[in-house]
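Here the structure comes first, spelled out in structure tokens, and everything after it is commentary.
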Amino acid sequence: MTKKKEYNLPSCPILISDYPRVLLAHGSGGTLTNQLIDKMFRSVFNNDHLNQSHDGAVVQIPKKKIAMTTDSYVIDPIFFPGGDIGSLAVHGTVNDLSMCGARPIFLTVGFILEEGLPMEDLWRVVQSMQKAAKESNVQIISGDTKVVDKGKADRIFVNTSGVGVVEHNQTICPSSIKDGDCIILSGDIARHGMAIMAVREGLSFENKIKSDSASLSGLVLKLIESKATIHCMRDLTRGGLATALVEIAKTSNMSIEIDEQSIPVREDVRGVCEILGIDPLYVANEGRFICFVPESQAKKVLATIKMSPLGRQASIIGYVSKEKRAMVTAKNQIGTTRIVDMLSSEQLPRIC
């Protein structure tokens, strides 16, 4: 009762009295598989492409450049403050397309379900995916379902692939950044990773920290429509801000300097980081991105990002230069500078 009230869900369409949990037969390709697809997936993701019931979706792509991406989601727990594995999968793939400067249009989804997964949990995930897809203005047009033996997976894994169209002539990628570019961060960092870790560690303030998981598509399209010159964008997922910057510095063979004081981190998030001994720069986000633009465009781009609820805390956090190749440095509040590098091991496993 509490779950339905919280998520405002209609009743699960699978007959709970008969099949309260996922069975191996739900992945057999027979009657139960078809019942699961028809009543659980097709009824929610309903659109003309999916309803063709073909082996794939045949779609009309505009005569422009397209962007494609794919990602898999294995997060634990599958429901967390601010989201769940379903909305996270849609947001993650939509955001990857957005970082290419593309307008996301279609997604596919693959489910790997563990035998015994409560049908109600699957229903919540599916409903959440459709809500996130609708908010992102994309359609889920094809999919696949597999069921594995109990103990061979961890409840549910989700793979999403996406296609978007590039409707402009800019080349938005790491190799496009230039000497003197400003780096704009769209908001506070480290909330997603710390929301997950607070739940796992049973910290008393876990419910106060919610994931920042969100679709960045609308915000990025506003930037594109503003005609601003954009050299590169990157969403800050696994490895956080630090890893994204290092990857871009190495790819472009340029130097990046950031000012740590200009990077917003909520006090409660910083507190959890200190308790767990984790640097916020390396913590995953699922609704934040950085944008590299010419200095002459920085004010315009910053103002456009700040107009979005997702970008109200946006700030310029650093600059690009050619002085020290392929290196990221961070200046702290006492004026000293440190080298920012990639982590040598997994800091927070299974957070996306």
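Each chain in the structure tokens gets a letter, A, B, ..., in the order shown, and its residues are numbered from 1; ligands are numbered from 1 in order too.
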
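Once stretch 323-334 of chain A and its same-chain neighbours fewer than 4 positions away are set aside, Leu245, Val246, Ala249, Lys250, Asn253, Met254, Ser255, Ile256, Glu257, Ile258, Asp259, Glu260, Gln261, Arg338, Ile339 and Val340 of chain A remain within 7 Å of it when counting only C-alpha atoms.
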
Write out as a PDB file with N, CA, C and O atoms, in the first residue's frame each polymer residue whose atoms come within 10 Å of A:Asp268, counting only C-alpha atoms; drop sequence neighbours fewer than 2 positions from it.
ATOM      1  N   ARG A 191      25.838  13.788  -5.336  1.00  0.00           N
ATOM      2  CA  ARG A 191      24.615  13.369  -4.653  1.00  0.00           C
ATOM      3  C   ARG A 191      24.204  11.933  -4.982  1.00  0.00           C
ATOM      4  O   ARG A 191      23.762  11.192  -4.102  1.00  0.00           O
ATOM      5  N   MET A 194      26.444   9.310  -3.169  1.00  0.00           N
ATOM      6  CA  MET A 194      26.280   9.338  -1.713  1.00  0.00           C
ATOM      7  C   MET A 194      24.882   8.910  -1.288  1.00  0.00           C
ATOM      8  O   MET A 194      24.696   8.361  -0.200  1.00  0.00           O
ATOM      9  N   PHE A 205      20.807   9.690   8.025  1.00  0.00           N
ATOM     10  CA  PHE A 205      20.292  10.773   7.208  1.00  0.00           C
ATOM     11  C   PHE A 205      20.126  10.360   5.754  1.00  0.00           C
ATOM     12  O   PHE A 205      20.065  11.184   4.859  1.00  0.00           O
ATOM     13  N   GLU A 206      20.012   9.031   5.525  1.00  0.00           N
ATOM     14  CA  GLU A 206      19.969   8.537   4.156  1.00  0.00           C
ATOM     15  C   GLU A 206      18.839   9.147   3.343  1.00  0.00           C
ATOM     16  O   GLU A 206      18.977   9.416   2.168  1.00  0.00           O
ATOM     17  N   LYS A 208      17.563  12.052   3.460  1.00  0.00           N
ATOM     18  CA  LYS A 208      17.715  13.470   3.158  1.00  0.00           C
ATOM     19  C   LYS A 208      18.508  13.694   1.883  1.00  0.00           C
ATOM     20  O   LYS A 208      18.437  14.762   1.284  1.00  0.00           O
ATOM     21  N   ILE A 209      19.293  12.714   1.510  1.00  0.00           N
ATOM     22  CA  ILE A 209      20.098  12.846   0.295  1.00  0.00           C
ATOM     23  C   ILE A 209      19.446  12.040  -0.808  1.00  0.00           C
ATOM     24  O   ILE A 209      19.340  10.828  -0.710  1.00  0.00           O
ATOM     25  N   VAL A 265      29.123  21.591  -3.493  1.00  0.00           N
ATOM     26  CA  VAL A 265      28.857  20.290  -2.853  1.00  0.00           C
ATOM     27  C   VAL A 265      27.977  20.564  -1.635  1.00  0.00           C
ATOM     28  O   VAL A 265      28.346  21.384  -0.782  1.00  0.00           O
ATOM     29  N   ARG A 266      26.818  19.920  -1.547  1.00  0.00           N
ATOM     30  CA  ARG A 266      25.943  20.126  -0.390  1.00  0.00           C
ATOM     31  C   ARG A 266      26.641  19.683   0.880  1.00  0.00           C
ATOM     32  O   ARG A 266      27.415  18.729   0.882  1.00  0.00           O
ATOM     33  N   ARG A 270      28.796  16.389   1.586  1.00  0.00           N
ATOM     34  CA  ARG A 270      30.208  16.470   1.981  1.00  0.00           C
ATOM     35  C   ARG A 270      30.436  15.697   3.288  1.00  0.00           C
ATOM     36  O   ARG A 270      31.461  15.044   3.477  1.00  0.00           O
ATOM     37  N   GLY A 271      29.426  15.760   4.189  1.00  0.00           N
ATOM     38  CA  GLY A 271      29.554  15.051   5.465  1.00  0.00           C
ATOM     39  C   GLY A 271      29.646  13.547   5.271  1.00  0.00           C
ATOM     40  O   GLY A 271      30.484  12.876   5.904  1.00  0.00           O
ATOM     41  N   VAL A 272      28.792  12.983   4.381  1.00  0.00           N
ATOM     42  CA  VAL A 272      28.855  11.535   4.121  1.00  0.00           C
ATOM     43  C   VAL A 272      30.188  11.174   3.476  1.00  0.00           C
ATOM     44  O   VAL A 272      30.801  10.155   3.808  1.00  0.00           O
ATOM     45  N   CYS A 273      30.646  12.027   2.580  1.00  0.00           N
ATOM     46  CA  CYS A 273      31.947  11.774   1.942  1.00  0.00           C
ATOM     47  C   CYS A 273      33.058  11.703   2.995  1.00  0.00           C
ATOM     48  O   CYS A 273      33.936  10.819   2.929  1.00  0.00           O
ATOM     49  N   GLU A 274      33.000  12.631   3.960  1.00  0.00           N
ATOM     50  CA  GLU A 274      34.043  12.638   4.991  1.00  0.00           C
ATOM     51  C   GLU A 274      33.958  11.396   5.869  1.00  0.00           C
ATOM     52  O   GLU A 274      34.969  10.806   6.248  1.00  0.00           O
TER      53      GLU A 274
END

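Among the candidates A:Ser262, A:Ser28, A:Ser186, A:Ser11, the one nearest to A:Leu122 when counting only C-alpha atoms is A:Ser11.
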
A:Ala298 surroundings by only C-alpha atoms, 10 Å radius, close-in-sequence under 3 positions cut, as an MDAnalysis selection string: chainID A and resid 181:184 228:230 291:295 301:304 315:316

Within 10 Å of A:Ser215 using only C-alpha atoms, minus same-chain residues under 2 positions, as number ranges by chain: A: 87-88, 90-96, 98, 132-133, 135-137, 212-213, 217-220, 286-288, 310
